[in-house]
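J.: The following file, final27.pdb, comprises PDB, C-alpha atoms, pLDDT in the B column:
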ATOM      1  CA  MET A   1     -72.339-100.604  56.347  1.00 49.00           C
ATOM      2  CA  SER A   2     -71.973-102.072  59.796  1.00 49.00           C
ATOM      3  CA  ALA A   3     -68.927-100.130  61.045  1.00 55.00           C
ATOM      4  CA  ALA A   4     -69.628 -96.708  62.512  1.00 55.00           C
ATOM      5  CA  ALA A   5     -67.710 -93.690  61.254  1.00 49.00           C
ATOM      6  CA  PRO A   6     -64.957 -92.462  63.623  1.00 50.00           C
ATOM      7  CA  ARG A   7     -65.840 -89.618  65.963  1.00 49.00           C
ATOM      8  CA  LEU A   8     -63.528 -86.614  66.009  1.00 47.00           C
ATOM      9  CA  PRO A   9     -63.638 -83.491  68.146  1.00 50.00           C
ATOM     10  CA  GLY A  10     -64.861 -80.482  66.213  1.00 51.00           C
ATOM     11  CA  LEU A  11     -67.289 -77.624  66.118  1.00 51.00           C
ATOM     12  CA  VAL A  12     -70.397 -79.800  66.232  1.00 54.00           C
ATOM     13  CA  PRO A  13     -70.532 -82.306  69.100  1.00 56.00           C
ATOM     14  CA  GLY A  14     -71.408 -85.807  67.964  1.00 56.00           C
ATOM     15  CA  LEU A  15     -70.638 -85.096  64.288  1.00 53.00           C
ATOM     16  CA  GLN A  16     -69.460 -88.253  62.611  1.00 55.00           C
ATOM     17  CA  VAL A  17     -66.772 -87.880  59.969  1.00 51.00           C
ATOM     18  CA  PRO A  18     -67.688 -89.539  56.655  1.00 54.00           C
ATOM     19  CA  PRO A  19     -65.177 -91.754  54.844  1.00 52.00           C
ATOM     20  CA  PRO A  20     -62.850 -89.910  52.443  1.00 51.00           C
ATOM     21  CA  VAL A  21     -64.643 -88.759  49.302  1.00 50.00           C
ATOM     22  CA  ASP A  22     -61.956 -89.849  46.862  1.00 52.00           C
ATOM     23  CA  CYS A  23     -61.851 -93.518  47.895  1.00 48.00           C
ATOM     24  CA  SER A  24     -62.772 -96.139  45.314  1.00 51.00           C
ATOM     25  CA  PHE A  25     -64.077 -99.661  45.660  1.00 50.00           C
ATOM     26  CA  PHE A  26     -63.720-102.465  43.159  1.00 53.00           C
ATOM     27  CA  ALA A  27     -66.191-105.265  42.608  1.00 53.00           C
ATOM     28  CA  SER A  28     -65.186-108.465  40.880  1.00 56.00           C
ATOM     29  CA  SER A  29     -66.744-111.798  40.231  1.00 55.00           C
ATOM     30  CA  VAL A  30     -66.029-114.673  42.599  1.00 60.00           C
ATOM     31  CA  GLU A  31     -66.460-117.221  39.814  1.00 67.00           C
ATOM     32  CA  GLU A  32     -63.673-119.438  38.678  1.00 71.00           C
ATOM     33  CA  ALA A  33     -61.063-117.735  36.477  1.00 68.00           C
ATOM     34  CA  PRO A  34     -61.571-118.244  32.740  1.00 69.00           C
ATOM     35  CA  GLY A  35     -59.293-120.658  30.933  1.00 74.00           C
ATOM     36  CA  ILE A  36     -56.302-119.547  28.926  1.00 74.00           C
ATOM     37  CA  PRO A  37     -57.293-119.067  25.251  1.00 71.00           C
ATOM     38  CA  GLU A  38     -55.391-121.113  22.715  1.00 75.00           C
ATOM     39  CA  SER A  39     -55.793-118.662  19.829  1.00 68.00           C
ATOM     40  CA  ASP A  40     -56.202-114.903  19.390  1.00 63.00           C
ATOM     41  CA  ASP A  41     -59.730-115.291  17.945  1.00 60.00           C
ATOM     42  CA  GLU A  42     -60.887-117.165  21.003  1.00 51.00           C
ATOM     43  CA  ALA A  43     -59.447-114.451  23.296  1.00 48.00           C
ATOM     44  CA  GLN A  44     -61.413-111.711  21.489  1.00 55.00           C
ATOM     45  CA  ASN A  45     -64.721-113.615  21.720  1.00 54.00           C
ATOM     46  CA  ASP A  46     -64.489-114.346  25.431  1.00 47.00           C
ATOM     47  CA  GLU A  47     -65.745-111.629  27.721  1.00 49.00           C
ATOM     48  CA  ALA A  48     -63.268-111.171  30.532  1.00 48.00           C
ATOM     49  CA  VAL A  49     -64.680-110.224  33.881  1.00 45.00           C
ATOM     50  CA  ALA A  50     -63.364-106.701  34.452  1.00 47.00           C
ATOM     51  CA  PRO A  51     -63.479-104.990  37.817  1.00 49.00           C
ATOM     52  CA  GLN A  52     -66.126-102.281  38.012  1.00 53.00           C
ATOM     53  CA  ARG A  53     -65.256 -98.989  39.652  1.00 53.00           C
ATOM     54  CA  ALA A  54     -67.873 -97.824  42.126  1.00 51.00           C
ATOM     55  CA  SER A  55     -68.722 -94.139  42.359  1.00 52.00           C
ATOM     56  CA  PRO A  56     -67.294 -92.284  45.378  1.00 52.00           C
ATOM     57  CA  LEU A  57     -69.605 -91.699  48.304  1.00 51.00           C
ATOM     58  CA  PRO A  58     -70.739 -88.071  48.638  1.00 57.00           C
ATOM     59  CA  ALA A  59     -70.125 -86.364  51.946  1.00 60.00           C
ATOM     60  CA  PRO A  60     -73.386 -86.015  53.874  1.00 64.00           C
ATOM     61  CA  ALA A  61     -74.838 -82.546  54.375  1.00 71.00           C
ATOM     62  CA  VAL A  62     -74.800 -81.304  57.952  1.00 71.00           C
ATOM     63  CA  ASP A  63     -77.595 -79.387  59.657  1.00 74.00           C
ATOM     64  CA  TRP A  64     -75.340 -76.805  61.323  1.00 71.00           C
ATOM     65  CA  PRO A  65     -76.398 -75.318  64.676  1.00 71.00           C
ATOM     66  CA  LEU A  66     -77.485 -71.669  64.829  1.00 75.00           C
ATOM     67  CA  SER A  67     -74.156 -70.706  66.437  1.00 76.00           C
ATOM     68  CA  VAL A  68     -72.426 -71.301  63.081  1.00 83.00           C
ATOM     69  CA  PRO A  69     -72.846 -68.171  60.911  1.00 86.00           C
ATOM     70  CA  ARG A  70     -74.311 -68.825  57.459  1.00 88.00           C
ATOM     71  CA  HIS A  71     -72.466 -65.894  55.882  1.00 90.00           C
ATOM     72  CA  LEU A  72     -69.106 -64.296  56.678  1.00 91.00           C
ATOM     73  CA  GLU A  73     -67.743 -61.024  55.363  1.00 90.00           C
ATOM     74  CA  VAL A  74     -64.011 -60.759  54.779  1.00 89.00           C
ATOM     75  CA  SER A  75     -62.672 -57.221  54.372  1.00 85.00           C
ATOM     76  CA  GLY A  76     -59.432 -55.296  54.683  1.00 83.00           C
ATOM     77  CA  SER A  77     -57.355 -57.095  52.053  1.00 80.00           C
ATOM     78  CA  LEU A  78     -55.514 -54.186  50.462  1.00 73.00           C
ATOM     79  CA  GLY A  79     -52.603 -55.877  48.740  1.00 62.00           C
ATOM     80  CA  VAL A  80     -50.708 -54.283  45.898  1.00 59.00           C
ATOM     81  CA  ASN A  81     -51.839 -50.867  44.696  1.00 54.00           C
ATOM     82  CA  GLY A  82     -53.353 -50.509  41.249  1.00 57.00           C
ATOM     83  CA  TYR A  83     -52.143 -48.351  38.357  1.00 62.00           C
ATOM     84  CA  PRO A  84     -51.967 -44.617  39.017  1.00 66.00           C
ATOM     85  CA  ALA A  85     -54.972 -42.620  37.823  1.00 69.00           C
ATOM     86  CA  MET A  86     -55.866 -38.945  37.735  1.00 71.00           C
ATOM     87  CA  SER A  87     -57.944 -37.892  40.743  1.00 69.00           C
ATOM     88  CA  PRO A  88     -60.980 -35.862  39.605  1.00 74.00           C
ATOM     89  CA  ARG A  89     -60.925 -33.659  42.730  1.00 71.00           C
ATOM     90  CA  SER A  90     -57.253 -32.849  43.223  1.00 72.00           C
ATOM     91  CA  GLY A  91     -55.955 -33.352  39.697  1.00 72.00           C
ATOM     92  CA  LEU A  92     -53.070 -35.447  41.058  1.00 72.00           C
ATOM     93  CA  LEU A  93     -52.006 -38.940  40.057  1.00 67.00           C
ATOM     94  CA  LYS A  94     -53.004 -41.395  42.800  1.00 63.00           C
ATOM     95  CA  ARG A  95     -52.904 -45.137  43.192  1.00 59.00           C
ATOM     96  CA  LYS A  96     -56.076 -46.966  44.203  1.00 61.00           C
ATOM     97  CA  ALA A  97     -55.816 -49.746  46.763  1.00 60.00           C
ATOM     98  CA  ALA A  98     -56.488 -53.180  45.285  1.00 69.00           C
ATOM     99  CA  ASP A  99     -57.423 -56.626  46.614  1.00 75.00           C
ATOM    100  CA  HIS A 100     -54.960 -58.583  44.489  1.00 75.00           C
ATOM    101  CA  LEU A 101     -55.492 -61.806  46.505  1.00 82.00           C
ATOM    102  CA  GLN A 102     -59.286 -61.536  45.979  1.00 85.00           C
ATOM    103  CA  LEU A 103     -60.017 -62.277  49.646  1.00 88.00           C
ATOM    104  CA  ASN A 104     -62.641 -59.553  50.237  1.00 87.00           C
ATOM    105  CA  GLY A 105     -66.291 -60.505  49.874  1.00 89.00           C
ATOM    106  CA  ILE A 106     -69.154 -62.563  51.289  1.00 92.00           C
ATOM    107  CA  TYR A 107     -68.421 -66.218  52.053  1.00 93.00           C
ATOM    108  CA  THR A 108     -71.388 -68.636  52.272  1.00 92.00           C
ATOM    109  CA  LEU A 109     -71.473 -71.728  54.499  1.00 92.00           C
ATOM    110  CA  ARG A 110     -71.093 -74.995  52.573  1.00 91.00           C
ATOM    111  CA  PRO A 111     -73.550 -77.780  53.467  1.00 88.00           C
ATOM    112  CA  THR A 112     -70.720 -80.316  53.810  1.00 87.00           C
ATOM    113  CA  PRO A 113     -67.999 -79.974  56.457  1.00 86.00           C
ATOM    114  CA  HIS A 114     -64.248 -79.988  55.955  1.00 87.00           C
ATOM    115  CA  GLY A 115     -63.120 -82.569  58.464  1.00 84.00           C
ATOM    116  CA  ALA A 116     -65.459 -81.916  61.378  1.00 85.00           C
ATOM    117  CA  SER A 117     -65.533 -78.123  61.007  1.00 89.00           C
ATOM    118  CA  PRO A 118     -67.610 -75.748  58.901  1.00 91.00           C
ATOM    119  CA  CYS A 119     -66.317 -74.399  55.622  1.00 93.00           C
ATOM    120  CA  TRP A 120     -67.340 -71.201  53.809  1.00 93.00           C
ATOM    121  CA  GLU A 121     -66.950 -70.431  50.092  1.00 95.00           C
ATOM    122  CA  LYS A 122     -66.888 -67.227  48.027  1.00 93.00           C
ATOM    123  CA  PRO A 123     -67.698 -67.977  44.372  1.00 92.00           C
ATOM    124  CA  ALA A 124     -65.746 -66.378  41.546  1.00 89.00           C
ATOM    125  CA  ASP A 125     -67.138 -63.051  40.327  1.00 83.00           C
ATOM    126  CA  ASP A 126     -68.315 -63.500  36.729  1.00 80.00           C
ATOM    127  CA  ASP A 127     -68.085 -59.743  36.081  1.00 78.00           C
ATOM    128  CA  LEU A 128     -64.350 -59.578  36.846  1.00 74.00           C
ATOM    129  CA  GLU A 129     -61.832 -61.130  34.494  1.00 77.00           C
ATOM    130  CA  GLY A 130     -59.441 -63.485  36.292  1.00 78.00           C
ATOM    131  CA  SER A 131     -61.648 -63.732  39.379  1.00 83.00           C
ATOM    132  CA  GLU A 132     -61.229 -66.967  41.356  1.00 89.00           C
ATOM    133  CA  ALA A 133     -63.252 -68.698  44.054  1.00 92.00           C
ATOM    134  CA  ARG A 134     -61.982 -68.604  47.641  1.00 94.00           C
ATOM    135  CA  VAL A 135     -62.632 -71.007  50.537  1.00 95.00           C
ATOM    136  CA  LEU A 136     -62.321 -70.364  54.288  1.00 94.00           C
ATOM    137  CA  PHE A 137     -61.779 -73.567  56.279  1.00 94.00           C
ATOM    138  CA  ARG A 138     -60.144 -74.935  59.404  1.00 93.00           C
ATOM    139  CA  ALA A 139     -56.782 -76.668  58.981  1.00 93.00           C
ATOM    140  CA  ALA A 140     -56.827 -80.419  59.570  1.00 92.00           C
ATOM    141  CA  ASP A 141     -54.560 -80.075  62.636  1.00 91.00           C
ATOM    142  CA  GLY A 142     -57.044 -77.594  64.189  1.00 90.00           C
ATOM    143  CA  LEU A 143     -54.354 -74.974  64.863  1.00 91.00           C
ATOM    144  CA  SER A 144     -55.412 -72.377  62.297  1.00 91.00           C
ATOM    145  CA  TRP A 145     -58.103 -71.092  59.951  1.00 92.00           C
ATOM    146  CA  VAL A 146     -57.127 -70.802  56.270  1.00 94.00           C
ATOM    147  CA  ILE A 147     -58.324 -68.874  53.215  1.00 93.00           C
ATOM    148  CA  ASP A 148     -57.203 -70.427  49.952  1.00 94.00           C
ATOM    149  CA  ALA A 149     -58.355 -71.213  46.401  1.00 93.00           C
ATOM    150  CA  GLU A 150     -59.458 -74.759  47.293  1.00 93.00           C
ATOM    151  CA  VAL A 151     -59.959 -76.988  50.318  1.00 93.00           C
ATOM    152  CA  HIS A 152     -56.954 -79.065  51.454  1.00 92.00           C
ATOM    153  CA  SER A 153     -55.354 -80.101  54.736  1.00 91.00           C
ATOM    154  CA  GLY A 154     -54.002 -76.590  55.414  1.00 91.00           C
ATOM    155  CA  GLY A 155     -50.901 -77.942  57.129  1.00 90.00           C
ATOM    156  CA  GLN A 156     -48.325 -75.654  58.743  1.00 89.00           C
ATOM    157  CA  ASP A 157     -45.861 -76.217  55.907  1.00 89.00           C
ATOM    158  CA  GLU A 158     -48.369 -75.493  53.121  1.00 92.00           C
ATOM    159  CA  LEU A 159     -48.409 -72.131  51.360  1.00 92.00           C
ATOM    160  CA  VAL A 160     -51.855 -70.492  51.623  1.00 93.00           C
ATOM    161  CA  LEU A 161     -53.321 -67.078  50.747  1.00 92.00           C
ATOM    162  CA  ALA A 162     -54.101 -66.161  54.383  1.00 90.00           C
ATOM    163  CA  ARG A 163     -53.912 -67.897  57.772  1.00 91.00           C
ATOM    164  CA  LEU A 164     -55.221 -67.073  61.252  1.00 89.00           C
ATOM    165  CA  TRP A 165     -53.190 -68.911  63.906  1.00 89.00           C
ATOM    166  CA  THR A 166     -55.740 -69.879  66.541  1.00 87.00           C
ATOM    167  CA  ALA A 167     -57.256 -73.064  67.909  1.00 86.00           C
ATOM    168  CA  ALA A 168     -60.619 -71.307  68.397  1.00 85.00           C
ATOM    169  CA  GLU A 169     -63.560 -73.215  66.934  1.00 85.00           C
ATOM    170  CA  ASN A 170     -65.102 -70.016  65.548  1.00 85.00           C
ATOM    171  CA  PRO A 171     -62.995 -67.769  63.275  1.00 86.00           C
ATOM    172  CA  THR A 172     -65.187 -64.756  64.161  1.00 83.00           C
ATOM    173  CA  ALA A 173     -64.833 -65.141  67.941  1.00 77.00           C
ATOM    174  CA  PRO A 174     -64.356 -61.713  69.585  1.00 64.00           C
ATOM    175  CA  SER A 175     -61.630 -63.117  71.845  1.00 63.00           C
ATOM    176  CA  ILE A 176     -59.300 -63.650  68.887  1.00 62.00           C
ATOM    177  CA  GLU A 177     -56.610 -60.971  69.096  1.00 70.00           C
ATOM    178  CA  VAL A 178     -54.214 -62.573  66.634  1.00 76.00           C
ATOM    179  CA  ALA A 179     -53.892 -61.012  63.187  1.00 82.00           C
ATOM    180  CA  TRP A 180     -54.251 -62.827  59.884  1.00 83.00           C
ATOM    181  CA  ALA A 181     -50.974 -63.512  58.080  1.00 84.00           C
ATOM    182  CA  PRO A 182     -49.648 -62.137  55.758  1.00 83.00           C
ATOM    183  CA  THR A 183     -52.430 -59.494  55.541  1.00 78.00           C
ATOM    184  CA  ARG A 184     -52.637 -58.013  59.039  1.00 82.00           C
ATOM    185  CA  THR A 185     -55.512 -55.668  58.065  1.00 83.00           C
ATOM    186  CA  LEU A 186     -57.844 -58.574  57.202  1.00 84.00           C
ATOM    187  CA  ARG A 187     -61.104 -58.585  59.187  1.00 86.00           C
ATOM    188  CA  LEU A 188     -63.778 -61.260  59.471  1.00 87.00           C
ATOM    189  CA  ARG A 189     -67.337 -60.840  60.746  1.00 88.00           C
ATOM    190  CA  ALA A 190     -70.615 -62.751  60.667  1.00 88.00           C
ATOM    191  CA  VAL A 191     -73.320 -61.310  58.414  1.00 87.00           C
ATOM    192  CA  CYS A 192     -77.057 -61.814  58.948  1.00 81.00           C
ATOM    193  CA  ASN A 193     -79.347 -62.687  56.038  1.00 71.00           C
ATOM    194  CA  SER A 194     -81.095 -59.323  56.436  1.00 65.00           C
ATOM    195  CA  GLN A 195     -77.792 -57.507  55.827  1.00 64.00           C
ATOM    196  CA  LEU A 196     -77.261 -59.215  52.460  1.00 66.00           C
ATOM    197  CA  SER A 197     -78.572 -57.355  49.473  1.00 60.00           C
TER     198      SER A 197
END
The structure in this file should be written as structure tokens.

T.:
Amino acid sequence: MSAAAPRLPGLVPGLQVPPPVDCSFFASSVEEAPGIPESDDEAQNDEAVAPQRASPLPAPAVDWPLSVPRHLEVSGSLGVNGYPAMSPRSGLLKRKAADHLQLNGIYTLRPTPHGASPCWEKPADDDLEGSEARVLFRAADGLSWVIDAEVHSGGQDELVLARLWTAAENPTAPSIEVAWAPTRTLRLRAVCNSQLS
């Protein structure tokens, strides 16, 4: 591979963006084309040279600098209230707050970037029925951070679970005073390995 990968601005200076993962290459023989068979039997016996599909190139793992948090905690997603239940203390029917978007939890840094920026993932909880994985990543245009079920471009016209409108390179930066949409109570903070249990 003689051509260098394009350089894009991002969180890590000098990070080279790998080619798209879903690209495919075809290899074919440069020999002369086989002759046209005169009968059906002859066509079945000849082995036609078929193109071979090469496997896609995996995205290289990045050794992220220490300024990129390895774990993030998302909290404050209240969403729709659950079913009413009897309170054991007051004896009244109360509704418990629920995280119906399943945004709350610990997100772990992925080894491969999304574009030129880091990407964090929260796996599905096996103990909860209907639990789904969530991914926190930077939109391709660099204007927002997105939480959604899977990684995509995160464009302005795409529907996502939550979005933080900021061009900041770190979603946990203390200077960010803009609220997440549509859940304004959503909070994001870096978590040290010693705080994980």

J.: Quick one: residues within 8 Å of Val62 (chain A), all atoms listed in the file, excluding same-chain residues fewer than 2 positions away - as a list of chain:residue names?

T.: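 Close residues of Val62 (chain A): A:Pro60, A:Trp64, A:Pro111, A:Thr112, A:Pro113.
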
J.: May I ask which of the residues A:Ala149, A:Val68, A:Ala61, A:Leu164 is the closest one to Val178 (chain A), counting all atoms listed in the file?

T.: A:Leu164

J.: Quick one: pull the distance between CA of Ser67 (chain A) and CA of Arg189 (chain A), Å, one decimal.

T.: 13.3 Å

J.: Counting all atoms listed in the file, figure out which residue out of A:Leu186, A:Leu101, A:Ala116, A:Val160 gets nearest to Gly76 (chain A).

T.: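 Looking only at the distances to Gly76 (chain A), the closest residue turns out to be A:Leu186.
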
J.: Kindly indicate which residue among A:Cys192, A:Gly155, A:Met86, A:Tyr107 lies nearest to Ala133 (chain A), using only C-alpha atoms for the distances.

T.: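 Distance minimum relative to Ala133 (chain A) lands on A:Tyr107.
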
J.: Mind pulling up the distance from CA of Arg138 (chain A) to CA of His152 (chain A)?

T.: 9.5 Å

J.: CA of Arg163 (chain A) and CA of Leu143 (chain A), how far apart in Å?

T.: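 Value for the CA of Leu143 (chain A)-CA of Arg163 (chain A) distance: 10.0 Å.
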
J.: Could you list, as JSON, numbers by chain, every residue matched by the PyMOL selection byres ((chain A and resi 71) around 8) in this structure?

T.: {"A": [69, 70, 72, 73, 106, 107, 108, 109, 120, 190, 191, 192, 193]}

J.: For Ile147 (chain A), which residue out of A:Ala167, A:Leu78, A:Leu103, A:Ala179 is the nearest one, using only C-alpha atoms?

T.: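 Looking at the shortest contact to Ile147 (chain A), the residue is A:Leu103.
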
J.: Could you write out as a list of chain:residue names the residues that the PyMOL selection byres ((chain A and resi 169) around 10) matches in the shown file?

T.: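 Taken on the displayed file, the PyMOL selection byres ((chain A and resi 169) around 10) yields the residues A:Gly10, A:Leu11, A:Val12, A:Val68, A:Ser117, A:Pro118, A:Arg138, A:Gly142, A:Leu143, A:Ser144, A:Trp145, A:Thr166, A:Ala167, A:Ala168, A:Asn170, A:Pro171, A:Thr172, A:Ala173.
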
J.: Go through A:Asp157, A:Val74, A:Pro182, A:Arg187 and flag the residue nearest Leu136 (chain A), using all atoms listed in the file for the distances.

T.: A:Val74

J.: Restricting the calculation to all atoms listed in the file, which member of A:Ser153, A:Leu188, A:Glu177, A:Thr183 is positioned closest to Gly105 (chain A)?

T.: A:Leu188
